[in-house]
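Listing of protein-v1.txt; format and content: compact mmCIF, C-alpha atoms.
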```txt
# COMPACT_ATOMS: atom_id res chain seq x y z
CA MET F 275 0.00 0.00 0.00
CA ASN F 276 1.52 3.31 -1.08
CA ALA F 277 0.15 5.24 1.87
CA GLU F 278 1.49 6.61 5.15
CA LEU F 279 1.73 9.63 7.43
CA PHE F 280 3.92 12.50 6.24
CA ASP F 281 4.92 15.92 7.49
CA LEU F 282 3.38 18.98 5.84
CA ASN F 283 6.44 19.93 3.80
CA VAL F 284 6.73 16.45 2.31
CA VAL F 285 3.08 16.54 1.23
CA LYS F 286 3.56 20.01 -0.28
CA SER F 287 6.42 18.62 -2.38
CA MET F 288 4.33 15.66 -3.49
CA ILE F 289 1.54 17.99 -4.63
CA GLU F 290 4.02 20.28 -6.42
CA ASP F 291 5.41 17.21 -8.18
CA GLY F 292 1.92 16.63 -9.61
CA LYS F 293 1.13 13.50 -7.64
CA LYS F 294 -2.54 12.55 -7.32
CA LEU F 295 -3.32 12.22 -3.63
CA ILE F 296 -6.07 11.34 -1.20
CA LEU F 297 -5.34 13.13 2.06
CA ALA F 298 -6.53 12.99 5.64
CA GLY F 299 -5.39 15.44 8.29
CA ASP F 300 -6.29 18.15 10.68
CA GLU F 301 -7.77 21.29 9.10
CA LYS F 302 -4.73 23.25 10.33
CA VAL F 303 -2.44 21.34 7.97
CA LEU F 304 -4.78 20.59 5.08
CA GLY F 305 -5.58 24.32 4.88
CA ARG F 306 -1.90 25.10 4.27
CA LEU F 307 -1.46 22.86 1.24
CA PRO F 308 -0.97 24.22 -2.28
CA GLN F 309 -3.51 23.67 -5.03
CA GLY F 310 -3.10 20.46 -6.95
CA GLU F 311 -4.51 17.08 -7.81
CA TRP F 312 -5.72 16.09 -4.38
CA ILE F 313 -8.81 15.63 -2.29
CA GLY F 314 -8.93 15.52 1.48
CA GLY F 315 -10.93 15.39 4.63
CA THR F 316 -10.32 16.58 8.17
CA ILE F 317 -9.39 14.14 10.91
CA PRO F 318 -6.53 14.11 13.45
CA TYR F 319 -6.77 10.37 14.24
CA PHE F 320 -4.98 7.70 12.25
CA VAL F 321 -3.89 4.10 12.31
CA SER F 322 -0.27 3.90 11.20
CA GLU F 323 2.07 0.92 11.17
CA LYS F 324 2.68 1.66 14.86
CA GLY F 325 -1.01 1.54 15.68
CA GLY F 326 -3.54 4.21 16.47
CA GLU F 327 -2.20 7.74 16.84
CA PHE F 328 -3.36 11.33 17.17
CA SER F 329 -1.61 14.07 15.20
CA GLN F 330 -2.59 17.59 14.18
CA ASP F 331 0.71 18.06 12.34
CA ARG F 332 0.94 15.11 9.98
CA ILE F 333 -1.11 14.11 6.99
CA TYR F 334 -2.10 10.61 5.92
CA VAL F 335 -1.34 10.31 2.23
CA THR F 336 -2.67 7.73 -0.21
CA GLU F 337 -1.09 8.16 -3.62
CA LEU F 338 -2.89 6.99 -6.74
CA PRO F 339 -0.85 4.44 -8.68
CA SER F 340 1.15 5.68 -11.66
CA TYR F 341 -0.67 3.28 -13.99
CA VAL F 342 -4.09 4.96 -13.67
CA LEU F 343 -5.52 5.84 -17.07
CA GLY F 344 -7.54 8.83 -16.02
CA THR F 345 -8.96 10.69 -13.07
CA SER F 346 -11.56 13.30 -12.31
CA ILE F 347 -12.61 15.06 -9.15
CA SER F 348 -16.27 15.80 -8.47
CA VAL F 349 -17.88 17.84 -5.74
CA TYR F 350 -21.42 16.98 -4.70
CA ASP F 351 -23.92 18.47 -2.29
CA GLU F 352 -27.13 17.05 -0.91
CA LYS F 353 -28.93 17.85 -4.16
CA THR F 354 -26.39 16.14 -6.43
CA ILE F 355 -24.91 13.32 -4.36
CA HIS F 356 -27.35 10.90 -6.01
CA GLU F 357 -25.12 11.08 -9.13
CA ILE F 358 -22.12 9.53 -7.42
CA TYR F 359 -22.60 5.96 -8.67
CA ASN F 360 -23.37 7.18 -12.20
CA ASP F 361 -20.10 9.11 -12.23
CA GLY F 362 -17.94 6.14 -11.19
CA PRO F 363 -15.81 4.63 -13.95
CA GLN F 364 -16.76 1.24 -15.37
CA ASN F 365 -13.26 -0.11 -14.79
CA GLY F 366 -11.88 1.62 -11.77
CA PHE F 367 -13.21 3.01 -8.55
CA SER F 368 -14.23 6.16 -6.70
CA VAL F 369 -13.02 7.45 -3.35
CA VAL F 370 -15.37 9.85 -1.58
CA VAL F 371 -15.05 11.97 1.57
CA MET F 372 -17.90 13.86 3.21
CA PRO F 373 -18.08 15.85 6.44
CA ALA F 374 -19.79 14.35 9.48
CA SER F 375 -23.25 15.70 10.26
CA SER F 376 -23.50 17.67 7.02
CA PRO F 377 -26.70 17.56 4.95
CA THR F 378 -24.73 15.75 2.23
CA HIS F 379 -23.69 13.09 4.74
CA PHE F 380 -27.25 12.60 5.95
CA VAL F 381 -28.75 12.44 2.45
CA PHE F 382 -26.12 9.93 1.31
CA ALA F 383 -26.51 7.79 4.43
CA LEU F 384 -30.28 7.58 4.17
CA ASN F 385 -30.73 7.35 0.44
CA ALA F 386 -27.65 5.82 -1.18
CA PRO F 387 -29.23 2.36 -1.53
CA ASN F 388 -31.88 3.95 -3.73
CA PHE F 389 -29.56 6.12 -5.84
CA PRO F 390 -29.29 5.26 -9.56
CA ASN F 391 -26.83 2.48 -10.26
CA PHE F 392 -26.22 1.79 -6.56
CA VAL F 393 -23.16 -0.48 -6.14
CA SER F 394 -22.65 -0.61 -9.90
CA ASN F 395 -19.09 0.70 -9.55
CA PRO F 396 -16.75 0.36 -6.56
CA LEU F 397 -17.17 3.25 -4.12
CA ILE F 398 -15.08 3.53 -0.99
CA GLY F 399 -14.53 6.44 1.34
CA TRP F 400 -15.05 7.96 4.70
CA VAL F 401 -16.76 10.59 6.77
CA SER F 402 -14.43 13.34 7.95
CA GLY F 403 -14.41 14.58 11.52
CA THR F 404 -12.60 16.63 14.11
CA SER F 405 -10.69 16.20 17.34
CA LEU F 406 -13.11 15.00 20.00
CA GLU F 407 -11.52 17.56 22.35
CA ASP F 408 -12.22 20.41 19.95
CA VAL F 409 -15.78 21.31 20.94
CA GLY F 410 -17.48 23.33 18.22
CA ALA F 411 -15.04 22.36 15.46
CA VAL F 412 -16.68 21.48 12.15
CA ALA F 413 -15.57 18.67 9.89
CA LYS F 414 -14.57 19.65 6.35
CA VAL F 415 -13.57 18.22 3.01
CA PHE F 416 -11.20 19.74 0.47
CA ASP F 417 -11.06 19.99 -3.30
CA GLY F 418 -7.32 20.48 -3.81
CA ARG F 419 -7.64 21.65 -7.41
CA LYS F 420 -9.18 24.90 -6.24
CA GLY F 421 -7.89 24.87 -2.67
CA GLN F 422 -11.49 24.99 -1.48
CA ALA F 423 -12.78 23.67 1.81
CA PHE F 424 -16.42 22.64 2.29
CA GLU F 425 -18.52 22.04 5.38
CA ASN F 426 -21.33 20.57 3.32
CA ALA F 427 -20.14 18.61 0.29
CA ALA F 428 -18.80 15.28 -0.75
CA VAL F 429 -15.62 15.35 -2.78
CA ALA F 430 -14.82 12.29 -4.88
CA TYR F 431 -11.84 11.08 -6.87
CA HIS F 432 -12.99 8.95 -9.79
CA VAL F 433 -10.15 6.74 -10.98
CA VAL F 434 -10.00 4.83 -14.28
CA LEU F 435 -7.78 1.75 -14.33
CA PRO F 436 -6.39 -0.41 -17.13
CA ALA F 437 -8.62 -3.34 -18.10
CA GLU F 438 -6.26 -5.88 -16.54
CA LYS F 439 -6.69 -4.38 -13.07
CA ILE F 440 -9.33 -5.83 -10.75
CA VAL F 441 -10.82 -3.77 -7.93
CA ASP F 442 -12.40 -5.27 -4.86
CA ILE F 443 -13.88 -3.66 -1.76
CA GLY F 444 -14.03 -5.52 1.52
CA ILE F 445 -14.88 -4.90 5.12
CA ILE F 446 -13.50 -6.25 8.36
CA ASN F 447 -16.16 -6.23 11.03
CA MET F 448 -15.42 -7.58 14.48
CA PHE F 449 -19.07 -7.72 15.31
CA GLU F 450 -21.54 -10.49 14.66
CA GLN F 451 -25.18 -10.79 15.53
CA ASP F 452 -25.73 -12.14 19.02
CA THR F 453 -28.42 -14.74 19.47
CA GLY F 454 -31.29 -12.91 21.03
CA ASP F 455 -34.11 -10.59 20.23
CA VAL F 456 -34.89 -9.67 16.63
CA LEU F 457 -35.24 -5.89 16.32
CA VAL F 458 -37.20 -4.33 13.44
CA PHE F 459 -37.92 -0.64 12.90
CA ALA F 460 -40.95 0.82 11.14
CA GLU F 461 -39.13 3.68 9.38
CA ASP F 462 -35.73 4.55 7.94
CA GLY F 463 -33.82 7.06 10.02
CA PHE F 464 -31.01 8.21 12.28
CA SER F 465 -33.42 8.44 15.21
CA VAL F 466 -36.17 6.11 16.39
CA GLY F 467 -38.79 5.93 19.11
CA ASP F 468 -40.30 2.48 18.89
CA VAL F 469 -39.00 -0.87 17.77
CA LYS F 470 -40.59 -4.23 17.22
CA VAL F 471 -38.89 -6.76 19.47
CA ASN F 472 -39.70 -10.26 18.22
CA GLY F 473 -42.84 -8.74 16.71
CA GLU F 474 -43.98 -6.75 19.76
CA THR F 475 -43.78 -2.95 19.62
CA VAL F 476 -41.95 -1.31 22.55
CA ASN F 477 -40.08 1.92 23.13
CA PHE F 478 -36.46 1.34 22.11
CA ALA F 479 -34.92 3.60 24.76
CA ASP F 480 -36.88 1.75 27.45
CA TYR F 481 -35.87 -1.60 25.95
CA LEU F 482 -32.16 -0.72 25.93
CA THR F 483 -32.32 0.57 29.50
CA SER F 484 -34.35 -2.26 30.97
CA HIS F 485 -32.20 -4.88 29.27
CA GLN F 486 -28.98 -3.07 30.30
CA ILE F 487 -27.69 -3.20 26.72
CA ASP F 488 -24.11 -2.02 26.28
CA THR F 489 -24.56 0.59 23.54
CA LYS F 490 -20.88 0.43 22.65
CA LEU F 491 -22.04 -2.67 20.80
CA PRO F 492 -23.72 -1.82 17.47
CA LEU F 493 -26.87 -3.14 15.93
CA VAL F 494 -25.92 -5.70 13.29
CA ALA F 495 -27.85 -6.59 10.14
CA ASN F 496 -26.76 -9.66 8.24
CA LEU F 497 -26.90 -9.06 4.49
CA TYR F 498 -26.15 -12.43 2.93
CA GLY F 499 -23.18 -12.94 5.23
CA ALA F 500 -22.01 -9.32 5.28
CA ASN F 501 -22.49 -7.95 8.78
CA ILE F 502 -23.50 -4.29 8.55
CA ASN F 503 -23.35 -2.25 11.76
CA THR F 504 -25.35 0.70 12.98
CA SER F 505 -23.77 2.38 16.01
CA PHE F 506 -25.56 4.05 18.87
CA GLU F 507 -25.01 7.78 19.32
CA LYS F 508 -27.35 8.51 22.21
CA VAL F 509 -30.12 6.93 24.25
CA ASP F 510 -32.33 9.71 25.57
CA THR F 511 -34.54 8.38 28.35
CA ASP F 512 -36.28 11.75 28.70
CA THR F 513 -37.45 12.09 25.11
CA LYS F 514 -37.61 8.30 24.68
CA ARG F 515 -35.58 8.54 21.48
CA VAL F 516 -32.52 6.60 20.35
CA ASN F 517 -30.09 8.23 17.92
CA PHE F 518 -27.62 6.45 15.65
CA PHE F 519 -24.47 7.33 13.71
CA ALA F 520 -25.96 5.71 10.59
CA PRO F 521 -29.57 5.13 9.67
CA VAL F 522 -31.54 2.03 10.44
CA PHE F 523 -33.72 0.79 7.60
CA ALA F 524 -37.37 -0.16 7.91
CA GLY F 525 -38.08 -3.87 7.80
CA GLN F 526 -34.45 -4.89 8.21
CA GLU F 527 -33.84 -7.43 10.97
CA TYR F 528 -31.21 -6.31 13.47
CA HIS F 529 -29.62 -7.92 16.49
CA ILE F 530 -27.41 -6.39 19.14
CA ALA F 531 -23.79 -7.42 18.49
CA ARG F 532 -22.07 -10.13 20.46
CA PRO F 533 -19.43 -8.61 22.77
CA VAL F 534 -15.81 -8.67 21.55
CA GLU F 535 -13.26 -9.31 24.30
CA ASP F 536 -10.00 -8.40 22.59
CA TYR F 537 -10.48 -6.30 19.45
CA VAL F 538 -6.92 -6.57 18.13
CA ALA F 539 -6.73 -10.33 18.65
CA VAL F 540 -10.11 -10.85 16.97
CA PHE F 541 -9.15 -8.38 14.24
CA HIS F 542 -6.22 -10.53 13.17
CA THR F 543 -8.47 -13.58 12.89
CA HIS F 544 -10.76 -11.64 10.53
CA VAL F 545 -8.06 -10.43 8.11
CA PRO F 546 -8.80 -11.96 4.72
CA ASN F 547 -6.08 -14.03 3.11
CA ASP F 548 -6.54 -12.61 -0.38
CA VAL F 549 -5.35 -9.05 0.31
CA GLY F 550 -1.58 -9.53 0.14
CA ASP F 551 0.23 -6.61 -1.42
CA ASN F 552 -2.89 -5.45 -3.24
CA LEU F 553 -4.21 -3.17 -0.51
CA PHE F 554 -4.68 0.37 -1.84
CA PHE F 555 -6.73 2.10 0.85
CA SER F 556 -8.27 1.37 4.21
CA CYS F 557 -9.95 3.31 6.98
CA ASN F 558 -11.23 2.35 10.40
CA CYS F 559 -13.94 3.76 12.63
CA ILE F 560 -13.35 6.24 15.45
CA LEU F 561 -15.54 4.04 17.66
CA ASN F 562 -13.22 1.07 17.13
CA TYR F 563 -10.31 3.41 17.89
CA LEU F 564 -11.95 4.53 21.14
CA TYR F 565 -13.75 1.44 22.42
CA ALA F 566 -10.95 -0.97 21.47
CA GLU F 567 -8.32 1.53 22.68
CA LEU F 568 -6.36 1.15 19.45
CA ASP F 569 -3.91 3.89 20.40
CA GLY F 570 -0.48 2.32 19.87
CA LYS F 571 -1.91 -1.06 18.84
CA PRO F 572 -0.94 -2.05 15.29
CA THR F 573 -3.49 -3.57 12.94
CA GLY F 574 -0.98 -4.85 10.41
CA GLN F 575 -1.07 -3.43 6.91
CA PHE F 576 -4.53 -1.90 7.43
CA THR F 577 -3.47 1.68 8.08
CA GLY F 578 -5.31 4.88 7.24
CA PRO F 579 -7.55 7.58 8.61
CA VAL F 580 -9.75 6.94 11.61
CA THR F 581 -13.18 8.06 10.56
CA PHE F 582 -16.60 9.25 11.66
CA GLY F 583 -18.16 6.74 9.28
CA GLU F 584 -16.84 4.35 6.66
CA ILE F 585 -18.14 4.01 3.14
CA ALA F 586 -18.03 0.70 1.33
CA TYR F 587 -20.70 1.35 -1.31
CA GLN F 588 -22.90 2.69 1.51
CA LEU F 589 -22.33 4.19 4.95
CA LEU F 590 -21.08 1.79 7.62
CA ASN F 591 -20.22 2.09 11.32
CA GLN F 592 -17.64 0.43 13.57
CA THR F 593 -16.08 -1.28 10.56
CA LEU F 594 -12.79 -1.28 8.70
CA ALA F 595 -13.33 -0.73 4.98
CA TYR F 596 -10.64 -1.42 2.39
CA LEU F 597 -10.04 -1.48 -1.35
CA THR F 598 -7.63 -3.72 -3.22
CA ILE F 599 -6.29 -3.50 -6.75
CA SER F 600 -4.96 -6.71 -8.25
CA ASP F 601 -3.91 -8.02 -11.63
CA ALA F 602 -6.42 -10.12 -13.53
CA GLU F 603 -5.50 -13.73 -14.02
CA PRO F 604 -4.13 -14.15 -17.54
CA MET F 605 -6.56 -15.80 -19.93
CA PRO F 606 -5.61 -19.42 -20.64
CA THR F 607 -4.04 -19.84 -24.07
CA SER F 608 -5.28 -22.61 -26.35
CA ALA F 609 -2.83 -25.35 -27.31
CA MET M 217 -19.70 -15.44 -19.60
CA LYS M 218 -23.36 -15.63 -20.56
CA ILE M 219 -25.80 -13.72 -18.41
CA PRO M 220 -29.25 -15.34 -18.55
CA ASP M 221 -32.13 -13.07 -19.49
CA GLU M 222 -34.57 -11.48 -17.07
CA ALA M 223 -37.24 -14.10 -17.71
CA ARG M 224 -35.29 -16.76 -15.88
CA ALA M 225 -36.94 -17.76 -12.59
CA GLU M 226 -33.65 -17.88 -10.69
CA TRP M 227 -33.44 -14.08 -10.50
CA LYS M 228 -36.73 -13.88 -8.62
CA GLN M 229 -35.86 -16.90 -6.48
CA VAL M 230 -32.80 -15.07 -5.20
CA ILE M 231 -34.47 -11.68 -4.75
CA SER M 232 -37.39 -13.23 -2.86
CA GLY M 233 -35.07 -15.10 -0.52
CA GLN M 234 -36.44 -18.43 -1.77
CA LYS M 235 -32.94 -19.34 -2.93
CA VAL M 236 -30.27 -18.37 -0.39
CA LEU M 237 -26.70 -18.53 -1.64
CA ASN M 238 -23.33 -17.76 -0.13
CA PHE M 239 -22.17 -14.89 -2.33
CA GLU M 240 -18.56 -13.69 -2.42
CA TYR M 241 -18.68 -10.11 -3.66
CA LEU M 242 -19.57 -7.46 -1.10
CA ALA M 243 -21.59 -5.43 -3.59
CA THR M 244 -23.73 -8.47 -4.43
CA LYS M 245 -24.51 -8.94 -0.74
CA ILE M 246 -25.35 -5.29 -0.16
CA LEU M 247 -27.50 -4.99 -3.28
CA LEU M 248 -29.37 -8.19 -2.47
CA GLY M 249 -29.90 -6.96 1.06
CA ARG M 250 -31.79 -4.00 -0.37
CA LEU M 251 -33.66 -5.98 -3.03
CA THR M 252 -34.87 -8.65 -0.60
CA LEU M 253 -36.02 -5.93 1.78
CA ALA M 254 -37.89 -4.25 -1.09
CA TYR M 255 -39.50 -7.62 -1.88
CA LYS M 256 -40.83 -7.84 1.68
CA PHE M 257 -42.71 -4.57 1.20
CA ASP M 258 -43.84 -5.03 -2.38
CA ALA M 259 -43.90 -8.39 -4.13
CA SER M 260 -46.08 -7.20 -7.01
CA PRO M 261 -45.03 -8.32 -10.51
CA ALA M 262 -44.03 -4.78 -11.45
CA ALA M 263 -41.84 -4.36 -8.38
CA VAL M 264 -40.24 -7.77 -8.85
CA GLN M 265 -39.55 -7.02 -12.52
CA LYS M 266 -37.85 -3.76 -11.55
CA SER M 267 -35.66 -5.57 -9.03
CA VAL M 268 -34.82 -8.35 -11.48
CA SER M 269 -33.76 -5.75 -14.06
CA GLU M 270 -31.56 -4.00 -11.52
CA PHE M 271 -30.03 -7.25 -10.29
CA ARG M 272 -29.24 -8.48 -13.79
CA ALA M 273 -27.85 -5.08 -14.82
CA PHE M 274 -25.49 -5.29 -11.85
CA PHE M 275 -24.04 -8.52 -13.26
CA VAL M 276 -23.84 -7.13 -16.80
CA ASN M 277 -21.96 -4.10 -15.54
CA GLY M 278 -19.56 -5.93 -13.24
CA ILE M 279 -18.96 -9.18 -15.07
CA ALA M 280 -15.21 -8.51 -15.46
CA GLN M 281 -14.85 -8.94 -11.68
CA PRO M 282 -14.00 -12.59 -10.88
CA LYS M 283 -16.15 -12.52 -7.72
CA VAL M 284 -19.12 -11.29 -9.74
CA GLN M 285 -18.57 -14.18 -12.14
CA SER M 286 -18.46 -16.56 -9.20
CA ASP M 287 -21.69 -15.14 -7.79
CA LEU M 288 -23.42 -15.51 -11.17
CA LYS M 289 -22.24 -19.09 -11.39
CA GLN M 290 -23.74 -19.77 -7.97
CA ILE M 291 -27.14 -18.67 -9.26
CA PHE M 292 -27.13 -20.44 -12.61
CA GLY M 293 -24.42 -23.07 -12.40
CA ASN M 294 -22.04 -23.96 -15.20
CA GLU M 295 -24.39 -22.87 -17.98
CA VAL M 296 -23.05 -19.32 -17.66
CA LEU M 297 -19.46 -20.37 -18.45
```
As structure tokens, how would this structure be written, given the file I've shared?
Amino acid sequence: MNAELFDLNVVKSMIEDGKKLILAGDEKVLGRLPQGEWIGGTIPYFVSEKGGEFSQDRIYVTELPSYVLGTSISVYDEKTIHEIYNDGPQNGFSVVVMPASSPTHFVFALNAPNFPNFVSNPLIGWVSGTSLEDVGAVAKVFDGRKGQAFENAAVAYHVVLPAEKIVDIGIINMFEQDTGDVLVFAEDGFSVGDVKVNGETVNFADYLTSHQIDTKLPLVANLYGANINTSFEKVDTDTKRVNFFAPVFAGQEYHIARPVEDYVAVFHTHVPNDVGDNLFFSCNCILNYLYAELDGKPTGQFTGPVTFGEIAYQLLNQTLAYLTISDAEPMPTSA
Amino acid sequence: MKIPDEARAEWKQVISGQKVLNFEYLATKILLGRLTLAYKFDASPAAVQKSVSEFRAFFVNGIAQPKVQSDLKQIFGNEVL
């Protein structure tokens, strides 16, 4: 993976050399970069080869491979984000960054599965954020071509690859559905009141409280073997509402996740064996960073920004998302 | 690879959850998650036809991906080779 943390001056040189970059860093450093072929999002948390770390001085750089055939950068807002799958190249991929809690983020999170050509082309990315200590700070994304920062936009790098390159997106999710109650919601949304528990409607805040559910554990939906998490943001026992970091979807069956004792140990058992040297990009969730206390704990080759939401075709929570680029198997020749 | 036409029953069998397969490609799983959920709410012929068209188009678009090929083969067997 051609990606790691660099000091500001090194990144400036890379941009001035015309390199095509995907950047993650604190606003203080991203805002000092020259114009060029880069996109970026704010975040001061990273997973490097040494493990989780916090830095407001360094920038995580993912450089596009030299063999790419073409690139374009698009900026979307909540009215245009539905075009993102249409704009992805047929042979290639798109990397998108959007600021946490922006209208663009919310519209994408809620509606992406119904956007035209959903999942038709590989889309990976992340939700930018801020230091958790920096109360009032606002997440941003950057379009490096114009040196513009946005509080409400998604910026995407669309990357065309040669035909012999194969792109794959995967996720590593420590969480699995626990055996227990089946939870179904009546509406899509980031916030709910009631839930059907094994078919019986109850208030979800009351349910979580009375069952002493550890809300560091996400809700998990099983989509044909892919465990998709929705993380809890807040359980408000006064208003009887439960808020999430990603939407729940009506009719989907969820379970609370089974507890994970040792995140890093379990992580290594979940690493797929087909990644090898093909890893291009990965990002991991801020909640994994915090709850699993990843600071200083390496997660192997899966380095990258720590995020306020991960995107692997759609928004995810408490998940590591990654993209690989490999060479197609040569076609067999006839005798 | 040959991608069977929309009239084939296997498309609907997968979308309706009648035929449950162990797919490899993440996008197949995520798309099917949405299509099977849509089927729960609306199993009318028009809605099913729309989902079948979308599901087949996904395979047409992504057929260069070996995992997409593998997923297609799981639905239809060796006839697609």
Residues of chain F at most 6 Å from chain M: nearest atom pair and distance in Å, only C-alpha atoms, as JSON lines:
```
{"residue": "F:Val393", "atom": "CA", "partner": "M:Ala243", "partner_atom": "CA", "distance": 5.8}
{"residue": "F:Ser394", "atom": "CA", "partner": "M:Phe274", "partner_atom": "CA", "distance": 5.8}
{"residue": "F:Leu497", "atom": "CA", "partner": "M:Gly249", "partner_atom": "CA", "distance": 5.0}
{"residue": "F:Tyr498", "atom": "CA", "partner": "M:Lys245", "partner_atom": "CA", "distance": 5.3}
```
- Using only C-alpha atoms, pick whichever of F:Val429, F:Met288, F:Met372, F:Ile296 has the shortest atom-to-atom distance to F:Val349. F:Val429
- Message: Set the distance at 12 Å and use all atoms listed in the file: which residues neighbour F:Leu561 once local chain neighbours fewer than 2 positions away are removed? I'd like the list as number ranges by chain.
- Response: F: 319, 406, 489-492, 503-507, 519, 537, 558-559, 563-569, 580-584, 590-594
- Message: I'd like the interatomic distance between atom CA of F:Ile530 and atom CA of F:Phe478, to a tenth of an Å.
- Response: 12.3 Å
- Message: Which residues are close to F:Glu450, i.e. within 12 Å by all atoms listed in the file, leaving aside same-chain residues fewer than 3 positions away? Reply as a PyMOL selection string.
- Response: chain F and resi 446-447+453-454+491-497+499-504+528-534+540+544+592-593
- Message: If we count all atoms listed in the file and set the cut-off at 7 Å, which residues sit around F:Ala479, ignoring sequence neighbours fewer than 6 positions away in its own chain? Please answer as JSON, numbers by chain.
- Response: {"F": [509, 510, 511, 514, 515, 516]}
Test item: axis-aligned box, all listed atoms of stretch 223-239 of chain M, 5 Å on each side, centre and edges in Å rounded to one decimal, as JSON:
```
{"center_x": -29.8, "center_y": -15.5, "center_z": -8.9, "size_x": 25.2, "size_y": 17.7, "size_z": 27.6}
```
